[in-house]
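Notes for the one structure printed next.
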Amino acid sequence: MVSKRFIAKRLLLLVPVLFGVATLVFAILQLAPGDPARVIIGQRASAEQIAQVRDDLGLDDPLWVQYGRFLLDAAQFEFGQSYKVAQGRAVRDVLADRLPVTIELALYGQVFGILLGIPLGVLSAIRQDSFTDHATRVGALTGISVPIFWSGPLLILLLSTYLGWLPASGRIGSTIFLPTSWTLFGMELPLTGMVTVDTLLVGQFDAWISAVQHLFMPAAVIGIYSMALISRMMRSSMLEVVRQDYIRTARAKGQGARITLMKHGFRNALIPVITVIGIQFGTLLGGAVLTETIFGIGGIGVTIVDAIGASDYTLVQGTVLTFALLFTLVNLGVDITYSYLDPRIDQ
Amino acid sequence: MSPETTVDRRTFLKAAGGAAATASLAGCIGDGGDGGGDGDDGGDGGSGGTLVYARGDHPENYDPQQTTSGEVAKVTNQIFDQLILFTPGSGGALEDGLATDYSLDGESANVTLREGVTFHDGEEFTAEDFRATYRRFADDSYDYYLGENRSGYGPFTLGNWVDSVNVQGDYELEIQLTQQYAPFLRNLAMFAASVLSKTQIESLGANPDDQVALGTDPVGTGAFALDQIDNENQRVRLTANDDFWGDGPQVDAVVFKTITENSTRVQDVINGDSHITDNLDSQSSQQVEDAGSAELLSKDGINHGYMAMNMARREEFRSKEVRQAIAHAVNTEAIVNQIYEGFASQASQPLPPGVLGRNEDLDPYPTDKEQAEQLLADAGYEGGFEFELATFSNPRGYNPSPIETANQVKSDLEEIGFTVNVNQFSTFSSYLDYTSAGNHDACFLGWYTDNADPDNFLYVLLDPKVDLEDVPDGQDWVSFDTEGYSTLNVSGWANTEYMEMVREAQRTYDEASRRSTYQEANALAHEESPWVFVDYAKTLRAANEAVSSYTISSVGGPYLNTVTIN
């Protein structure tokens, strides 16, 4: 059971965390080289034009004024307009467009990791020191060690270039465009931005198939690391649990090995794995930067790279804070889940 | 705890299991492939499927007056027209666009407009549209003026040169210039001079922030109309304009898709999921050449990559002999052939091939270490000296391997006694801040032409734009803080003979006179060597075998209205 007090306390703790991240982002961007004014109006602009832009953007204001303005705006989730990457669009709108793309990718990556990682971990534990166990452990070690920038192109070469099974890039077929909204009981509703969901909402099954094909490789690439970590964690957790007294007691009472393992062992072994899954979600968001670049997916990962390269300060600030918010919320979710699974945990 | 605030653990685990099962169903694999030419085309004109153009970046706003990005221009050049157009593949020849007749006479340009052209929203194109276009970009007395902070191209293209635009009738324009200005007609062909709809401009708010909306719903007269900007999937879809006044379009729709990574983008073309792509480096060019299903298209580019020596900062560079010695010592042939793998040619002068006024009598400086040492000794700098060479880190078209190039220069110069400290910059904007402030000793830079006019290289990059009187007698450099100094000239070079030549040629309308003046100016620049002239990079594109009638162009474009796909 989870108390409201516990959730409220954790939510309040978000405030100092986000304040710290905001301050850090602001400080780093102040120290970073590059003048946004020049980025906006380009190489051909005169010095007078650049001075004008700096003035318009308030870049010549004292640092504390800029910092105060930024904090005030950030508190309202208002980051101004993107200077360069989205040329004049509100950062909030850009994030609303791009965030579902990354979340979808991370979710599928996570699902991939969980679906393969947990069974492999259990199998490895049940058959400890067997060939299966060794193969799973070596596989897990490889999964943790292989970088995305290597596994991504390799998968493209194998599954797209040589075998022609899957498309090399993007989220959906090049020529498939979805409507901007869907209708439910006569009401026009916005789409979610998650292409595998939206294709179903608008009733285009062909498009859904295309979306799934496009998502498979990036989700696999991003999920391999997660799978490896989860399977290792699951294995060690299972091994620890099966040595507990209550397992022996259950067996002594005549309960079957499989039921004991799944009913008493698996559920309890899952608790530390859930924590890892939560923490992993943050890593997946980080991994999205590389994965999106390799597979041509326009999520928040590509956006942050573009924004940093273009000194698009407002977009960098907005994106990093959103990342931080997302990460902390996921951890909050993990903590809540954790306490569901193990009520003994001190709230 | 009340029941509504809690969820049973069993219910929770069941729900999680259900979600996982759904996700696993979604993970099934089909037979792959996009099939670039099929799908739900839905175009309302043309006759031949959907052309997919892969590129490396996805801007979100397609207003030609609020950008300096070539990625934006690729799309806006399909949606909008200019009064005058570059002839595809010609290297800068001009042809009629929305104007059917035009002439420059003294300080005015007279333009007759094409009749019967309509914007994508059905509004008729008239002279008032061009006037509104100009005023939005460069006239601060106009209610819908964008302001000076939207694009460096505002003053550069029109603002500095146009005094007023006078409508003489629905299809007649008189443009008053601030001075005689020979490149003006070419400026009218630049992407930044795309003609917008007055109705659309004035339907948006007068606040420049309201005008941002024009870029998300651009309405032009071009061969294709905007259908959808799909930011989530980094794509833009255009559909054929049935009422287009010119040739084509041959396809029903064009999709610009974005794949940042070069090799993946090229692979997409090889697989046939995309039809055309650009911004190829040597590795991805090789990838195309090795594939049977795509072709590498190459054309001499109108650009120049160079190493500027800053005379305003380093006294040693004020000696012509020192500059020539460095030009002789740097092995530009090795840079072009080995580092750029032949996708560029050696430079001999500021103007690249094919541009009016290029001096064909000039050859690249031959690599000659002995002559370099002799020149250094003559200048009193035997054994060289220590200096900083600033460079950007990320590849640019005219310098695809900046760090390797810098190391080659360092190694070449150290052979004759110099000590070169390479100073790398992580972002190009910070690099430009540094060089435009004149903080560098020497630096790499380059230039892609805007309009294929010689003025766009010789005046823009090597004239300091200061008054001739401000250059002290007997001196051929000025400091970066001289009044009016243009920081595009990163060498501080201020040779009054050269300045007089390029300024005179800028005002000369007679082509033969311009040509000979520019040839002299090139010869002088070659002799004085304010830069090491490094390379002219080739323009490279990859096209799938399904594509035909695609003309690669080094200025303007891409020209997609004539492309057919099989």
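Following the order of the structure tokens, chains are lettered A, B, ..., residues in each are numbered from 1, and ligands are numbered from 1.
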Could you pull out the residues in region 152-399 of chain B that DSSP calls helix (DSSP H, G or I) from the backbone, as a ChimeraX atom specification? /B:153-159,184-187,191-193,198-203,208-215,262-271,282-290,315-318,320-329,332-339,369-379
Quick one: residues within 8 Å of Thr161 (chain A), only C-alpha atoms, excluding same-chain residues fewer than 6 positions away - as a PyMOL selection string? (chain A and resi 168) or (chain B and resi 267+271)
According to DSSP computed on the backbone, where in region 85-228 of chain A is there strand (DSSP E)? Give the residues as a PyMOL selection string. chain A and resi 181-184+187-190
Using only C-alpha atoms: which of B:Ser263, B:Ser103, B:Asn495, B:Thr118 has the shortest distance to chain A: B:Ser263
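In this structure, CA of Thr405 (chain B) sits 22.7 Å away from CA of Gly492 (chain B).
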Residues near Ala312 (chain B), cut-off 8 Å, only C-alpha atoms, skip fewer than 6 positions along chain, as a PyMOL selection string: chain B and resi 438+477-480+491-493
Rounded to one decimal place, report the CA of Asp433 (chain B)-CA of Leu63 (chain A) distance in Å.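 These two atoms are separated by 19.8 Å.
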Would you list the contacts of Trp531 (chain B) as number ranges by chain, taking every protein, DNA or RNA residue within 8 Å and counting only C-alpha atoms, but skipping same-chain residues closer than 3 positions in sequence? B: 306-309, 323, 327, 491
Restricting the output to C-alpha atoms, write the selected residues as a PDB file, in the first residue's frame.
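Listing of part-v5.pdb after writing:
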```pdb
ATOM      1  CA  TYR B 306      40.895  28.608 -47.777  1.00  0.00           C
ATOM      2  CA  MET B 307      43.362  29.364 -44.995  1.00  0.00           C
ATOM      3  CA  ALA B 308      43.445  33.064 -44.137  1.00  0.00           C
ATOM      4  CA  MET B 309      46.475  34.737 -42.607  1.00  0.00           C
ATOM      5  CA  ARG B 323      52.489  34.653 -47.265  1.00  0.00           C
ATOM      6  CA  ALA B 327      51.452  29.121 -50.005  1.00  0.00           C
ATOM      7  CA  SER B 491      42.704  38.231 -43.161  1.00  0.00           C
TER       8      SER B 491
END
```
